[in-house]
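Enquirer: Pasting a structure below so you can have a look.
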4 protein chains.
Amino acid sequence: MKASADIGIVPLGAGASLSRYVAACERVFTEAGLQPRLHGYGTNVEGDWDAVFAAVKRCHETVHEMGAPRILTVIKVGTRTDREQSNEDKIASVERELAGE
Amino acid sequence: MKASADIGIVPLGAGASLSRYVAACERVFTEAGLQPRLHGYGTNVEGDWDAVFAAVKRCHETVHEMGAPRILTVIKVGTRTDREQSNEDKIASVERELAGE
Amino acid sequence: MKASADIGIVPLGAGASLSRYVAACERVFTEAGLQPRLHGYGTNVEGDWDAVFAAVKRCHETVHEMGAPRILTVIKVGTRTDREQSNEDKIASVERELAGE
Amino acid sequence: MKASADIGIVPLGAGASLSRYVAACERVFTEAGLQPRLHGYGTNVEGDWDAVFAAVKRCHETVHEMGAPRILTVIKVGTRTDREQSNEDKIASVERELAGE
């Protein structure tokens with residue numbers, strides 16, 4: 001089952017600056033071949049369901065090892081059986097609507 | 001790694017009523033031993049990380065089989081290394097604050 | 001426009017324990033008449049759209065005043081034009097499904 | 001109070017294709033001066049707290065008028081008192097970490 005997802009990790013008890021932890025997870029997602037695309041509140045990824053969630057787990061393990069005692073991650077995950085659609089396809093579809101096509 | 005999570009499933013292209021699908025996932029979570037606790041926007045669960053995410057996957061598979069062509073699930077997942085804390089513990093901790101203890 | 005919502009506040013740079021801040025927001029929601037119902041990952045509320053979001057703003061102001069330099073809040077908000085449905089109604093509807101009615 | 005937010009709207013009972021509704025909200029955010037930046041699971045916006053939430057309300061009103069009987073929106077909203085930080089700043093900060101600076 002293919003999954004596209006948006007993943008926003010929030011380390012707690014680790015100060016107000018999160019970029020170092022977010023960067024560590026970006027590396028995990030890249031190594032897993034999930035084509036991460038960072039935005040201001042998370043990272044879009046896509047791939048096989050099991051690969052996506054194995055990477056989220058590795059990301060939690062990594063951020064705990066970096067010293068964060070508590071992590072809260074918000075995940076949006078989508079699957080569909082009607083057709084294949086990448087995150088890029090979804091964005092392109094909205095942009096076509098905006099262009100009035 | 002123990003995980004506590006909140007899982008809100010949203011089937012798309014399946015009408016405006018979602019309760020039948022939410023109920024199917026409740027059954028999946030119960031069978032997986034995750035102690036589901038339903039609220040108005042999702043279900044709190046807790047258990048081993050792998051058991052939690054295996055159940056979320058089974059929930060997607062089940063809801064697709066029931067006819068929903070597209071599913072969006074919002075997951076909040078928490079892990080901590082400083083101490084164990086169940087969802088009940090978290091609620092009790094806020095209630096103690098409210099009681100002024 | 002009536003809104004039902006789920007609100008999960010996460011203060012950052014304020015340590016790993018969040019219960020004190022969550023309790024402060026519970027008080028704000030109660031004073032606003034939003035019938036808060038706490039769960040392990042947030043609080044269900046319901047009321048007029050403007051009352052709900054005025055309370056969320058007051059909650060951010062309160063938690064900053066308590067000393068948290070940064071706050072991230074995750075909100076799920078639902079509106080519907082087909083019929084009225086409270087958070088209690090939604091839960092009851094799933095429970096009827098589970099009971100096989 | 002300045003807010004940065006991520007907003008993902010999900011119309012229910014309106015079919016499996018959402019792009020037309022997402023595009024309508026993009027127009028609302030642009031007209032409100034919130035500098036929307038679309039990604040695969042939502043839109044980053046930023047501006048004054050009240051302007052952000054007035055736009056989310058207008059987006060719900062618009063999508064109901066377009067025919068969706070039920071809408072679920074997931075919002076992540078951040079405020080901070082320690083310093084100003086745009087969504088672009090957050091992304092740049094992670095990218096500097098990734099570059100090893």
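Simple scheme: letters A, B, ... for chains in structure tokens order, numbers from 1 for residues in each chain, numbers from 1 for ligands in the order shown.
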Name all residues at most 10 Å from B:Leu38 (count only C-alpha atoms; drop same-chain ones fewer than 4 positions away) and give them as a list in words.
Expert: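 Listing them by chain and then by number gives Asp6, Ile7, Gly8, Val22, Ala23, Glu26, Gly42, Thr43, Asn44 and Val45 of chain B; His39, Lys90, Ile91, Val94 and Glu95 of chain C.
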Enquirer: Give me, as JSON lines, the closest atom pair and its distance (Å, one decimal) for every residue of chain D within a cut-off of 6 Å of chain B, counting only C-alpha atoms, rows sorted by chain and rising number.
Expert:
```
{"residue": "D:Leu12", "atom": "CA", "partner": "B:Ala16", "partner_atom": "CA", "distance": 5.2}
{"residue": "D:Gly13", "atom": "CA", "partner": "B:Ala16", "partner_atom": "CA", "distance": 4.1}
{"residue": "D:Gly15", "atom": "CA", "partner": "B:Gly13", "partner_atom": "CA", "distance": 4.1}
{"residue": "D:Ala16", "atom": "CA", "partner": "B:Gly13", "partner_atom": "CA", "distance": 4.1}
```
Enquirer: Choose the residue, out of D:Ser93, D:Ser4, D:Thr79, D:Gln85, that has the smallest atom-to-atom separation from D:Leu34; count only C-alpha atoms.
Expert: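 Of the candidates, the smallest distance to D:Leu34 is held by D:Ser4.
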Enquirer: Within chain A, find each residue whose DSSP state, derived from the backbone, is alpha helix (DSSP H), and express the selection as a VMD selection string.
Expert: chain A and resid 19 to 31 49 to 65 87 to 98
Enquirer: Output C-alpha atoms of each residue in that selection to a file, as a PDB file, in the first residue's frame.
Expert:
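Done, and the output landed in selection.pdb:
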```
ATOM      1  CA  SER A  19      15.606  23.040  13.683  1.00  0.00           C
ATOM      2  CA  ARG A  20      18.440  20.679  14.670  1.00  0.00           C
ATOM      3  CA  TYR A  21      15.934  17.882  15.380  1.00  0.00           C
ATOM      4  CA  VAL A  22      13.901  18.547  12.266  1.00  0.00           C
ATOM      5  CA  ALA A  23      17.101  18.408  10.203  1.00  0.00           C
ATOM      6  CA  ALA A  24      18.006  15.021  11.725  1.00  0.00           C
ATOM      7  CA  CYS A  25      14.631  13.637  10.621  1.00  0.00           C
ATOM      8  CA  GLU A  26      15.024  15.107   7.142  1.00  0.00           C
ATOM      9  CA  ARG A  27      18.191  13.043   6.828  1.00  0.00           C
ATOM     10  CA  VAL A  28      16.319   9.926   7.949  1.00  0.00           C
ATOM     11  CA  PHE A  29      13.584  10.529   5.358  1.00  0.00           C
ATOM     12  CA  THR A  30      16.110  11.161   2.578  1.00  0.00           C
ATOM     13  CA  GLU A  31      18.062   8.001   3.409  1.00  0.00           C
ATOM     14  CA  TRP A  49       3.360   2.470   3.876  1.00  0.00           C
ATOM     15  CA  ASP A  50       5.875   0.351   5.804  1.00  0.00           C
ATOM     16  CA  ALA A  51       8.854   2.442   4.653  1.00  0.00           C
ATOM     17  CA  VAL A  52       7.140   5.667   5.724  1.00  0.00           C
ATOM     18  CA  PHE A  53       6.354   4.442   9.235  1.00  0.00           C
ATOM     19  CA  ALA A  54       9.711   2.722   9.712  1.00  0.00           C
ATOM     20  CA  ALA A  55      11.279   6.118   8.993  1.00  0.00           C
ATOM     21  CA  VAL A  56       9.016   7.905  11.498  1.00  0.00           C
ATOM     22  CA  LYS A  57      10.079   5.401  14.153  1.00  0.00           C
ATOM     23  CA  ARG A  58      13.760   5.878  13.299  1.00  0.00           C
ATOM     24  CA  CYS A  59      13.218   9.627  13.519  1.00  0.00           C
ATOM     25  CA  HIS A  60      11.821   9.286  17.086  1.00  0.00           C
ATOM     26  CA  GLU A  61      14.742   7.031  18.074  1.00  0.00           C
ATOM     27  CA  THR A  62      17.248   9.507  16.630  1.00  0.00           C
ATOM     28  CA  VAL A  63      15.732  12.560  18.344  1.00  0.00           C
ATOM     29  CA  HIS A  64      15.613  10.771  21.710  1.00  0.00           C
ATOM     30  CA  GLU A  65      19.307   9.851  21.247  1.00  0.00           C
ATOM     31  CA  ASN A  87       2.066  15.134  -3.381  1.00  0.00           C
ATOM     32  CA  GLU A  88       3.271  16.986  -6.508  1.00  0.00           C
ATOM     33  CA  ASP A  89       0.133  15.844  -8.361  1.00  0.00           C
ATOM     34  CA  LYS A  90      -2.064  17.222  -5.568  1.00  0.00           C
ATOM     35  CA  ILE A  91      -0.365  20.612  -5.690  1.00  0.00           C
ATOM     36  CA  ALA A  92      -0.544  20.713  -9.507  1.00  0.00           C
ATOM     37  CA  SER A  93      -4.248  19.897  -9.344  1.00  0.00           C
ATOM     38  CA  VAL A  94      -4.959  22.879  -7.065  1.00  0.00           C
ATOM     39  CA  GLU A  95      -2.783  25.137  -9.232  1.00  0.00           C
ATOM     40  CA  ARG A  96      -4.779  24.171 -12.320  1.00  0.00           C
ATOM     41  CA  GLU A  97      -7.976  25.159 -10.469  1.00  0.00           C
ATOM     42  CA  LEU A  98      -6.409  28.484  -9.493  1.00  0.00           C
TER      43      LEU A  98
END
```
Enquirer: In terms of the shortest atom-to-atom distance over only C-alpha atoms, which of C:Gly33, C:Glu46, C:Ala99, C:Met66 is closest to C:Ser86?
Expert: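 Answer, going by the shortest atom-to-atom distance: C:Glu46.
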Enquirer: What does the distance from atom CA of C:Val77 to atom CA of B:Lys76 come to in Å, to one decimal?
Expert: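 It comes out at 15.8 Å.
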Enquirer: In Å, rounded to a single decimal, give me how far atom CA of D:Gly40 is from atom CA of A:Thr73.
Expert: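 Atom-to-atom, atom CA of A:Thr73 to atom CA of D:Gly40, that is 17.7 Å.
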